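Chemist: I am sharing protein27.cif, which consists of mmCIF, C-alpha atoms and all ligand atoms:
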```cif
data_coords
loop_
_atom_site.label_atom_id
_atom_site.label_comp_id
_atom_site.auth_asym_id
_atom_site.auth_seq_id
_atom_site.Cartn_x
_atom_site.Cartn_y
_atom_site.Cartn_z
CA MET A 262 -5.89 36.22 17.03
CA THR A 263 -6.37 34.94 13.48
CA ILE A 264 -6.81 31.25 12.70
CA LEU A 265 -4.64 30.16 9.79
CA ASP A 266 -7.36 28.23 8.00
CA GLY A 267 -5.49 25.51 6.12
CA LYS A 268 -8.67 23.85 4.95
CA ASN A 269 -10.05 26.85 3.08
CA THR A 270 -6.65 28.01 1.87
CA ALA A 271 -6.03 24.52 0.49
CA LEU A 272 -9.34 24.64 -1.40
CA LEU A 273 -8.47 28.05 -2.86
CA ILE A 274 -5.09 26.81 -4.11
CA GLN A 275 -6.70 23.60 -5.39
CA ASP A 276 -9.15 25.73 -7.41
CA GLU A 277 -6.18 27.54 -8.97
CA ILE A 278 -4.56 24.18 -9.80
CA ALA A 279 -7.84 22.86 -11.25
CA GLN A 280 -8.08 25.94 -13.46
CA GLU A 281 -4.56 25.34 -14.73
CA VAL A 282 -5.40 21.70 -15.47
CA GLN A 283 -8.41 22.79 -17.55
CA THR A 284 -6.25 25.26 -19.47
CA ARG A 285 -3.72 22.48 -20.12
CA ILE A 286 -6.41 20.13 -21.39
CA GLN A 287 -7.85 22.81 -23.69
CA ALA A 288 -4.34 23.38 -25.08
CA GLY A 289 -4.02 19.64 -25.79
CA LYS A 290 -1.41 19.17 -23.06
CA LYS A 291 -1.05 16.22 -20.72
CA LYS A 292 -3.23 15.90 -17.62
CA PRO A 293 -1.04 15.51 -14.48
CA HIS A 294 -1.00 11.97 -13.09
CA LEU A 295 0.02 11.18 -9.48
CA ALA A 296 0.62 7.65 -8.23
CA ALA A 297 0.89 6.53 -4.61
CA ILE A 298 2.35 3.31 -3.25
CA LEU A 299 0.81 2.14 0.01
CA VAL A 300 2.39 -0.82 1.80
CA GLY A 301 0.26 -2.70 4.33
CA ASN A 302 -2.86 -1.72 6.23
CA ASP A 303 -1.81 1.05 8.63
CA THR A 304 -5.08 2.96 9.19
CA PRO A 305 -3.71 6.53 9.34
CA SER A 306 -1.61 5.87 6.20
CA GLN A 307 -4.70 4.58 4.37
CA THR A 308 -6.57 7.73 5.40
CA TYR A 309 -3.74 9.99 4.17
CA VAL A 310 -3.44 8.17 0.83
CA ASN A 311 -7.20 8.23 0.28
CA GLY A 312 -7.14 11.97 0.99
CA LYS A 313 -4.46 12.40 -1.68
CA VAL A 314 -6.46 10.39 -4.25
CA GLU A 315 -9.60 12.42 -3.46
CA ALA A 316 -7.66 15.67 -3.88
CA CYS A 317 -6.42 14.47 -7.29
CA LYS A 318 -10.03 13.96 -8.39
CA ARG A 319 -10.95 17.42 -7.12
CA VAL A 320 -8.36 19.18 -9.28
CA GLY A 321 -8.83 16.95 -12.34
CA PHE A 322 -5.59 14.93 -12.09
CA ASP A 323 -5.40 11.25 -12.92
CA SER A 324 -4.35 9.14 -9.96
CA THR A 325 -3.24 5.57 -9.38
CA LEU A 326 -3.13 3.85 -6.01
CA ILE A 327 -0.86 0.82 -5.75
CA HIS A 328 -1.68 -1.11 -2.61
CA LEU A 329 1.02 -3.66 -1.75
CA ASP A 330 0.99 -6.49 0.75
CA GLU A 331 2.39 -5.65 4.22
CA ASN A 332 4.95 -8.47 3.83
CA ILE A 333 6.32 -7.33 0.47
CA SER A 334 10.12 -7.66 0.21
CA GLU A 335 12.24 -4.57 -0.26
CA GLU A 336 13.38 -6.00 -3.60
CA ASN A 337 9.81 -6.29 -4.90
CA LEU A 338 8.96 -2.82 -3.64
CA LEU A 339 11.95 -1.48 -5.60
CA LEU A 340 10.61 -3.25 -8.70
CA GLU A 341 7.28 -1.44 -8.31
CA ILE A 342 9.18 1.83 -8.00
CA GLN A 343 11.14 1.03 -11.14
CA LYS A 344 7.88 0.45 -13.06
CA LEU A 345 6.63 3.89 -12.02
CA ASN A 346 9.99 5.49 -12.87
CA GLU A 347 9.69 4.05 -16.38
CA ASN A 348 5.97 4.71 -16.94
CA PRO A 349 5.65 7.87 -19.08
CA GLN A 350 2.01 8.32 -18.01
CA ILE A 351 3.02 8.89 -14.38
CA ASP A 352 4.34 12.40 -13.72
CA GLY A 353 5.10 11.94 -10.06
CA PHE A 354 4.65 9.40 -7.30
CA ILE A 355 5.02 8.96 -3.58
CA VAL A 356 5.70 6.03 -1.30
CA GLN A 357 3.51 6.57 1.75
CA LEU A 358 5.52 6.49 4.99
CA PRO A 359 6.01 4.85 7.42
CA LEU A 360 7.13 1.62 5.76
CA PRO A 361 7.41 -1.70 7.62
CA LYS A 362 10.48 -1.71 9.89
CA TYR A 363 12.43 -4.32 7.85
CA ILE A 364 12.48 -2.01 4.81
CA ASN A 365 15.32 0.52 4.48
CA VAL A 366 13.47 3.79 3.83
CA ASP A 367 16.55 5.69 2.64
CA ASN A 368 17.25 3.00 0.08
CA VAL A 369 13.64 3.11 -1.16
CA ILE A 370 13.72 6.91 -1.50
CA LYS A 371 17.05 6.72 -3.33
CA HIS A 372 15.39 4.56 -6.01
CA ILE A 373 12.62 7.07 -6.80
CA HIS A 374 13.64 9.03 -9.91
CA PRO A 375 14.34 12.61 -8.72
CA ASP A 376 12.20 13.99 -11.59
CA LYS A 377 9.20 12.06 -10.23
CA ASP A 378 9.94 12.54 -6.51
CA VAL A 379 7.03 14.90 -5.83
CA ASP A 380 7.39 14.37 -2.06
CA GLY A 381 10.82 16.01 -2.37
CA PHE A 382 12.54 13.37 -0.23
CA HIS A 383 15.25 12.22 -2.70
CA PRO A 384 18.77 13.44 -1.75
CA GLU A 385 18.99 15.26 -5.10
CA ASN A 386 15.89 17.32 -4.34
CA VAL A 387 16.97 17.91 -0.72
CA GLY A 388 20.38 19.09 -1.98
CA LYS A 389 18.80 21.42 -4.55
CA MET A 390 16.50 22.84 -1.87
CA ASN A 391 19.57 23.57 0.27
CA LYS A 392 21.15 25.39 -2.66
CA ASN A 393 17.88 27.23 -3.46
CA GLN A 394 17.70 25.68 -6.93
CA PRO A 395 14.47 24.63 -8.70
CA CYS A 396 13.30 21.34 -7.13
CA TYR A 397 10.37 19.65 -5.45
CA ILE A 398 10.19 20.96 -1.89
CA SER A 399 8.98 18.50 0.73
CA ALA A 400 5.18 18.78 0.80
CA THR A 401 4.59 19.74 4.46
CA PRO A 402 7.16 22.58 4.60
CA LEU A 403 5.99 23.77 1.15
CA GLY A 404 2.38 23.76 2.37
CA ILE A 405 3.40 25.88 5.38
CA LEU A 406 5.21 28.39 3.13
CA LYS A 407 2.09 28.66 0.97
CA LEU A 408 -0.12 29.18 4.02
CA LEU A 409 2.13 31.98 5.33
CA GLU A 410 2.15 33.50 1.84
CA LYS A 411 -1.65 33.45 1.44
CA TYR A 412 -2.06 35.22 4.79
CA GLU A 413 0.58 37.78 3.68
CA ILE A 414 2.64 37.19 6.80
CA GLN A 415 5.88 39.17 6.86
CA THR A 416 8.66 36.82 7.88
CA SER A 417 11.78 38.83 7.05
CA GLY A 418 13.94 39.59 10.08
CA LYS A 419 11.77 37.51 12.41
CA HIS A 420 13.09 34.82 14.73
CA CYS A 421 11.69 31.46 13.63
CA VAL A 422 12.06 28.59 16.09
CA VAL A 423 11.45 25.12 14.63
CA VAL A 424 10.92 22.26 17.08
CA GLY A 425 11.64 18.81 15.59
CA ARG A 426 14.42 17.91 13.14
CA SER A 427 12.79 15.22 10.98
CA GLN A 428 14.00 14.87 7.40
CA ILE A 429 10.49 15.54 6.07
CA VAL A 430 9.39 18.51 8.18
CA GLY A 431 11.66 20.12 10.80
CA SER A 432 15.03 20.10 9.00
CA PRO A 433 13.77 21.39 5.63
CA MET A 434 11.57 23.94 7.40
CA SER A 435 14.58 25.39 9.20
CA ILE A 436 16.47 25.76 5.90
CA LEU A 437 13.51 27.24 4.02
CA MET A 438 12.78 29.88 6.64
CA ALA A 439 16.39 31.11 6.47
CA ARG A 440 16.49 31.41 2.64
CA ASN A 441 16.67 34.78 0.97
CA GLU A 442 13.06 34.53 -0.27
CA LYS A 443 9.80 36.42 0.32
CA ILE A 444 8.73 33.81 2.86
CA GLY A 445 12.12 33.38 4.52
CA ASN A 446 14.89 35.68 5.71
CA CYS A 447 14.29 34.60 9.28
CA THR A 448 16.89 34.05 11.95
CA VAL A 449 16.31 30.36 12.63
CA THR A 450 16.77 28.18 15.69
CA LEU A 451 16.26 24.42 15.34
CA CYS A 452 15.32 22.58 18.54
CA HIS A 453 15.00 18.81 19.04
CA SER A 454 14.77 16.08 21.64
CA LYS A 455 18.21 16.87 23.10
CA THR A 456 17.54 20.60 23.47
CA PRO A 457 17.69 21.48 27.16
CA ASN A 458 15.19 24.06 28.45
CA LEU A 459 13.01 23.98 25.33
CA ALA A 460 10.79 26.79 26.67
CA GLU A 461 13.77 29.16 26.80
CA PHE A 462 13.94 28.90 22.99
CA THR A 463 10.25 28.70 22.12
CA MET A 464 9.62 31.84 24.20
CA GLN A 465 11.89 33.76 21.84
CA ALA A 466 9.97 32.73 18.71
CA ASP A 467 8.16 35.31 16.57
CA ILE A 468 7.27 32.31 14.39
CA LEU A 469 7.08 28.92 16.11
CA VAL A 470 6.87 25.77 13.96
CA VAL A 471 6.25 22.62 15.98
CA ALA A 472 6.68 19.12 14.49
CA ILE A 473 7.24 16.71 17.36
CA GLY A 474 4.40 14.18 17.60
CA ILE A 475 3.63 14.60 21.32
CA PRO A 476 0.11 15.84 22.12
CA ASN A 477 0.00 19.30 23.69
CA LEU A 478 3.72 19.37 24.53
CA ILE A 479 3.84 23.11 23.84
CA THR A 480 1.85 24.92 26.49
CA LYS A 481 0.81 28.55 26.68
CA ASP A 482 3.66 29.50 29.05
CA MET A 483 6.15 28.39 26.34
CA VAL A 484 4.84 30.84 23.71
CA LYS A 485 5.51 34.57 23.41
CA GLU A 486 2.57 37.00 23.34
CA GLY A 487 1.69 37.73 19.66
CA ALA A 488 3.62 34.78 18.22
CA ILE A 489 2.70 33.07 14.94
CA VAL A 490 2.28 29.38 15.73
CA ILE A 491 2.33 26.59 13.13
CA ASP A 492 1.36 23.25 14.65
CA VAL A 493 2.36 20.35 12.41
CA GLY A 494 1.61 17.58 14.92
CA ILE A 495 -1.21 15.14 14.26
CA ASN A 496 -1.81 12.97 17.33
CA ARG A 497 -4.66 10.61 18.15
CA VAL A 498 -5.88 10.87 21.73
CA GLU A 499 -8.57 8.63 23.19
CA ASP A 500 -12.01 10.21 23.29
CA ALA A 501 -14.98 8.07 24.20
CA THR A 502 -17.40 10.77 23.03
CA LYS A 503 -16.22 10.30 19.42
CA LYS A 504 -17.55 7.59 17.11
CA GLN A 505 -14.04 6.36 16.24
CA GLY A 506 -12.99 6.48 19.93
CA PHE A 507 -10.32 9.14 19.36
CA ARG A 508 -9.83 12.76 18.32
CA LEU A 509 -6.94 14.51 16.64
CA VAL A 510 -4.85 17.06 18.51
CA GLY A 511 -1.67 18.90 17.66
CA ASP A 512 1.62 19.30 19.52
CA VAL A 513 0.43 22.67 20.85
CA ASP A 514 -2.20 23.06 23.56
CA TYR A 515 -4.52 24.99 21.23
CA THR A 516 -7.26 26.05 23.65
CA GLU A 517 -4.87 27.64 26.16
CA THR A 518 -2.33 28.98 23.66
CA ALA A 519 -4.48 30.40 20.83
CA PRO A 520 -5.59 33.59 22.70
CA LYS A 521 -1.91 34.58 23.10
CA CYS A 522 -1.06 34.21 19.40
CA SER A 523 -1.38 36.63 16.50
CA PHE A 524 -1.88 33.66 14.14
CA ILE A 525 -2.24 29.94 14.82
CA THR A 526 -3.04 26.81 12.81
CA PRO A 527 -5.75 24.51 14.19
CA VAL A 528 -5.48 20.69 14.24
CA PRO A 529 -7.18 19.32 12.22
CA GLY A 530 -7.71 21.86 9.43
CA GLY A 531 -4.33 23.60 9.50
CA VAL A 532 -1.15 22.13 8.05
CA GLY A 533 -2.66 18.77 6.99
CA PRO A 534 -4.78 20.00 4.02
CA MET A 535 -1.90 22.27 2.94
CA THR A 536 0.43 19.26 2.77
CA ILE A 537 -1.89 17.46 0.33
CA THR A 538 -2.24 20.62 -1.75
CA ALA A 539 1.54 21.08 -1.90
CA LEU A 540 1.81 17.53 -3.25
CA LEU A 541 -0.66 18.43 -6.02
CA TYR A 542 1.35 21.57 -6.72
CA ASN A 543 4.56 19.51 -7.08
CA THR A 544 2.80 17.03 -9.39
CA LEU A 545 1.65 19.87 -11.64
CA LEU A 546 5.25 21.15 -11.65
CA ALA A 547 6.46 17.67 -12.62
CA CYS A 548 4.08 17.63 -15.57
CA LYS A 549 5.11 21.13 -16.68
CA TRP A 550 8.85 20.54 -16.22
CA HIS A 551 9.08 17.16 -17.91
CA LYS A 552 6.11 16.82 -20.31
CA ASP A 553 5.59 20.28 -21.86
P1 LIG B 601 9.37 12.55 13.73
O1 LIG B 601 8.24 11.82 14.37
O2 LIG B 601 10.21 11.86 12.72
O3 LIG B 601 10.38 13.08 14.85
C1 LIG B 601 9.96 13.84 15.95
C2 LIG B 601 10.93 14.99 16.16
O4 LIG B 601 10.57 15.63 17.38
C3 LIG B 601 12.39 14.55 16.29
O5 LIG B 601 13.18 15.33 15.44
C4 LIG B 601 12.74 14.81 17.75
O6 LIG B 601 14.07 15.28 17.91
C5 LIG B 601 11.73 15.85 18.17
N1 LIG B 601 11.33 15.71 19.58
C6 LIG B 601 10.84 14.61 20.19
N2 LIG B 601 10.61 14.87 21.50
C7 LIG B 601 10.96 16.16 21.70
C8 LIG B 601 10.96 17.01 22.84
N3 LIG B 601 10.53 16.58 24.03
N4 LIG B 601 11.39 18.26 22.69
C9 LIG B 601 11.83 18.73 21.48
N5 LIG B 601 11.84 17.97 20.36
C10 LIG B 601 11.42 16.70 20.48
O7 LIG B 601 8.83 13.94 13.15
P2 LIG B 601 7.79 14.22 11.97
O8 LIG B 601 7.75 13.10 11.00
O9 LIG B 601 8.13 15.60 11.50
O10 LIG B 601 6.37 14.22 12.71
C11 LIG B 601 6.08 15.11 13.78
C12 LIG B 601 4.59 15.25 13.93
O11 LIG B 601 4.08 15.89 12.77
C13 LIG B 601 3.81 13.93 14.04
O12 LIG B 601 2.70 14.15 14.89
C14 LIG B 601 3.33 13.68 12.63
O13 LIG B 601 2.16 12.90 12.58
C15 LIG B 601 3.05 15.09 12.18
N6 LIG B 601 3.09 15.30 10.74
C16 LIG B 601 2.07 16.00 10.21
C17 LIG B 601 2.06 16.29 8.86
C18 LIG B 601 0.94 17.13 8.31
O14 LIG B 601 0.73 17.15 7.11
N7 LIG B 601 0.23 17.87 9.13
C19 LIG B 601 3.09 15.84 8.03
C20 LIG B 601 4.15 15.14 8.61
C21 LIG B 601 4.15 14.88 9.97
#
```
If you took the structure in this file and wrote it as C-alpha cells, what would it be?
Ligand code: NAD

Modeler:
Amino acid sequence: MTILDGKNTALLIQDEIAQEVQTRIQAGKKKPHLAAILVGNDTPSQTYVNGKVEACKRVGFDSTLIHLDENISEENLLLEIQKLNENPQIDGFIVQLPLPKYINVDNVIKHIHPDKDVDGFHPENVGKMNKNQPCYISATPLGILKLLEKYEIQTSGKHCVVVGRSQIVGSPMSILMARNEKIGNCTVTLCHSKTPNLAEFTMQADILVVAIGIPNLITKDMVKEGAIVIDVGINRVEDATKKQGFRLVGDVDYTETAPKCSFITPVPGGVGPMTITALLYNTLLACKWHKD
C-alpha cells in the first residue's frame, strides 16, 4: 500500500510554481495576485482562507484577504465582487464557501467574472470543463488529477466510482475522470445519497473517490482489494486528547481500509493541500492567460 502524500506533492508543485513566478519577475512580467472574500467568522472557513493566503506567500504571489461582516447584504457582497472584477491588479479571486444561508450562492458565483473565477465554479467554466476546453477546473478535482499524475497512476480503462455529487467536487470529478485525457478515460459511476446498496457500487471501484462529509462512512468491506482510494472528506470528530477538542477524519475508515488499498490518501495531508495548490495553479494560469 502506498500513501498518496498530498502534503509533499503539494509542496513540490508549489516549488515549481514559485520558480515560474521568479522567472516571470525576472522577465518584467506581472506577479500573480489572488484575492479571497471571507464572509463572517466560521472557524473552518477562516482556517481554509488563511491556508490559501499562506500558500500565496510561499510561492511569491501577492494576496488580498477581504473579510466582510457576517450580516453583509447580498447586494453589498456583489459590489465587493464587482470591485475585484474591475481591479486590474487582481488576477483571480474566490468567495470562500459556505456563505450565510440568506445569500444566494449561485447568484454570487454568476457575478464573478469567468476570467477571474479561479475556483472554477462559474457556469462558463463548468461548461467549458464539460466540453474539454481551456478553463479553470474546480480546485479540489484539479488537485486530485495532479496527485494521480504525480504518482503516475494509470487510469485508462479503469472503473472509477465517485461517491457524492456536489457541484464543487463529485460532479466535476465524474466528468473529468471520463474525459479522453492522460488522467481520465475511466468508466465512471456516480453515486449519491439516493443510491441504494452503495457498497455494491464501491466494491466495483478500481478508483474510488469519496466526497460525502460523513466520518468513516466507507468501511473496509465496501472497498475492493487493491483499489486506489481518494478520500475528499474533512470531518471534525470530538477528541478530548487533542488541544482543540477535535481531530480531522475523512469519509473513509482509514485504519481498517488502508491495508487493502494499492494507494490511499490520508486525512489530513491528502486532498486538502492539493486543493490549495490547484488554486495557486489556476491563479498563475489567470495571470498568464490575461496579463501576458
Ligand atoms: P456536499 O456536502 O455538498 O454534499 C455531500 C454529497 O454526499 C451529496 O452529493 C450527497 O448526495 C452525498 N451523500 C450524502 N450522504 C450519502 C450517503 N449516505 N451515501 C452516498 N452519498 C451520500 O459535498 P462536498 O462539498 O463535496 O463535501 C464533501 C466532503 O468533502 C465534506 O467533508 C467537505 O468538507 C469535504 N471537502 C474537502 C475538500 C478538500 O479540499 N479536501 C474540498 C471540498 C470539500

Chemist: If you measure from atom C6 of ligand LIG 601 (chain B) to atom CA of A:Val424, what distance in Å do you get, rounded to one decimal?

Modeler: 8.3 Å

Chemist: Do you know which residues are at most 7 Å from A:Asp376 counting only C-alpha atoms, after dropping those on the same chain fewer than 2 positions away, and could you put them as a PDB file with C-alpha atoms, in the coordinates of the input?

Modeler:
```pdb
ATOM      1  CA  HIS A 374      13.640   9.030  -9.910  1.00  0.00           C
ATOM      2  CA  ASP A 378       9.940  12.540  -6.510  1.00  0.00           C
ATOM      3  CA  ALA A 547       6.460  17.670 -12.620  1.00  0.00           C
TER       4      ALA A 547
END
```

Chemist: Distance limit 6 Å, reference ligand LIG 601 (chain B), atoms considered: all atoms listed in the file. Which residues make the cut? Give them as a list in words.

Modeler: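 The distance check yields Thr401, Val424, Gly425, Arg426, Ser427, Ile429, Val430, Gly431, Cys452, His453, Ser454, Ala472, Ile473, Gly474, Val493, Gly494, Ile495, Asn496, Val532, Gly533 and Thr536 of chain A.
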
Chemist: Just want the 7 Å neighbourhood of A:Ile444, counted on all atoms listed in the file, with same-chain residues fewer than 6 positions away dropped. Output as number ranges by chain.

Modeler: A: 406, 410, 416, 438

Chemist: Rounded to one decimal place, report the atom CA of A:Ile414-atom CA of A:Ala519 distance in Å.

Modeler: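 Distance reported for this atom pair: 17.1 Å.
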
Chemist: Of the candidates A:Ser306, A:Gln283, A:Thr538, A:Ser435, which one gets nearest to A:Gly267 if we count only C-alpha atoms?

Modeler: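 Closest candidate: A:Thr538.
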
Chemist: When you look at A:Pro293 with a cut-off of 7 Å (counting all atoms listed in the file), what residues show up, excluding the ones that are within fewer than 6 positions of it in the same chain? I need them as number ranges by chain.

Modeler: A: 322-323, 352, 544-545, 548

Chemist: Skipping near chain neighbours, those fewer than 2 positions away, what residues fall within 9 Å of A:Thr518 using all atoms listed in the file, listed as a compact mmCIF listing (two decimals) with C-alpha atoms, keeping the file's coordinate frame?

Modeler:
```
# COMPACT_ATOMS: atom_id res chain seq x y z
CA ILE A 479 3.84 23.11 23.84
CA THR A 480 1.85 24.92 26.49
CA LYS A 481 0.81 28.55 26.68
CA ASP A 482 3.66 29.50 29.05
CA MET A 483 6.15 28.39 26.34
CA VAL A 484 4.84 30.84 23.71
CA VAL A 513 0.43 22.67 20.85
CA ASP A 514 -2.20 23.06 23.56
CA TYR A 515 -4.52 24.99 21.23
CA THR A 516 -7.26 26.05 23.65
CA PRO A 520 -5.59 33.59 22.70
CA LYS A 521 -1.91 34.58 23.10
CA CYS A 522 -1.06 34.21 19.40
CA ILE A 525 -2.24 29.94 14.82
```

Chemist: Taking all atoms listed in the file into account, name the residue in A:Ala288, A:Ile264, A:Ala296, A:Val369 that is nearest to A:Ser334.

Modeler: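 Among the listed residues, A:Val369 lies closest to A:Ser334.
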
Chemist: Counting only C-alpha atoms, figure out which residue out of A:Lys443, A:Lys344, A:Val387, A:Thr325 gets nearest to A:Lys411.

Modeler: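 Closest candidate: A:Lys443.
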
Chemist: Please measure the separation of atom CA of A:Gly487 and atom CA of A:Val422, giving the value in Å to one decimal.

Modeler: 14.3 Å

Chemist: Nearest to A:Leu437 among A:Asn337, A:Asp367, A:Ile405, A:Leu540, with distances taken over only C-alpha atoms: which residue is it?

Modeler: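 Comparing A:Asn337, A:Asp367, A:Ile405, A:Leu540 against A:Leu437, the winner is A:Ile405.
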
Chemist: If you count only C-alpha atoms, which residues fall within 10 Å of A:Tyr542, apart from same-chain ones fewer than 3 positions away, as a list in words?

Modeler: Ile274, Gln275, Glu277, Ile278, Val379, Tyr397, Ala400, Leu403, Gly404, Thr536, Ile537, Thr538, Ala539, Leu545, Leu546 and Ala547 of chain A

Chemist: Please enclose the listed atoms of stretch 275-279 of chain A in an axis-aligned box, pad each side by 5 Å, and write out the centre and the three edge lengths in Å, rounded to one decimal, as lines of an AutoDock Vina configuration file.

Modeler:
```
center_x = -6.9
center_y = 25.2
center_z = -8.3
size_x = 14.6
size_y = 14.7
size_z = 15.9
```

Chemist: Counting only C-alpha atoms, find the residues whose atoms lie at most 9 Å from (4.6, 3.5, 7.1) (file coordinates) and write them out as a ChimeraX atom specification.

Modeler: /A:299-301,303,306,356-362

Chemist: Compare A:Ala501, A:Ile355, A:Leu329, A:Met390 by their minimum atom-to-atom distance to A:His372, counting only C-alpha atoms, and give me the closest one.

Modeler: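 Nearest to A:His372: A:Ile355.
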
Chemist: Emit stretch 407-447 of chain A of the structure in the block as a file comprising C-alpha atoms, as a short mmCIF file (atom, residue, chain, number, x, y, z; two decimals), in the first residue's frame.

Modeler:
```cif
data_model
loop_
_atom_site.label_atom_id
_atom_site.label_comp_id
_atom_site.auth_asym_id
_atom_site.auth_seq_id
_atom_site.Cartn_x
_atom_site.Cartn_y
_atom_site.Cartn_z
CA LYS A 407 -2.50 16.37 -10.22
CA LEU A 408 -1.97 13.94 -7.34
CA LEU A 409 -2.81 10.94 -9.57
CA GLU A 410 -0.49 12.36 -12.24
CA LYS A 411 2.47 12.85 -9.87
CA TYR A 412 2.15 9.24 -8.68
CA GLU A 413 1.99 8.13 -12.35
CA ILE A 414 -1.23 6.23 -11.75
CA GLN A 415 -2.66 4.64 -14.90
CA THR A 416 -6.35 5.45 -15.03
CA SER A 417 -7.27 4.48 -18.60
CA GLY A 418 -9.84 1.69 -18.79
CA LYS A 419 -10.33 1.59 -15.02
CA HIS A 420 -13.70 1.77 -13.30
CA CYS A 421 -13.86 4.97 -11.25
CA VAL A 422 -16.68 5.22 -8.72
CA VAL A 423 -17.32 8.71 -7.33
CA VAL A 424 -19.46 9.00 -4.20
CA GLY A 425 -21.06 12.44 -3.75
CA ARG A 426 -22.47 14.70 -6.49
CA SER A 427 -21.65 18.19 -5.20
CA GLN A 428 -21.10 20.93 -7.77
CA ILE A 429 -17.59 21.57 -6.48
CA VAL A 430 -16.22 18.03 -6.10
CA GLY A 431 -18.27 14.94 -7.02
CA SER A 432 -19.97 16.08 -10.24
CA PRO A 433 -16.87 17.64 -11.88
CA MET A 434 -14.75 14.69 -10.73
CA SER A 435 -17.06 12.25 -12.51
CA ILE A 436 -16.79 14.25 -15.75
CA LEU A 437 -13.01 14.69 -15.53
CA MET A 438 -12.32 11.00 -14.96
CA ALA A 439 -14.30 10.11 -18.10
CA ARG A 440 -12.50 12.61 -20.39
CA ASN A 441 -10.19 11.43 -23.12
CA GLU A 442 -7.10 12.65 -21.23
CA LYS A 443 -4.00 11.06 -19.68
CA ILE A 444 -5.66 11.12 -16.26
CA GLY A 445 -9.12 10.09 -17.43
CA ASN A 446 -10.55 7.51 -19.81
CA CYS A 447 -12.25 5.75 -16.93
#
```
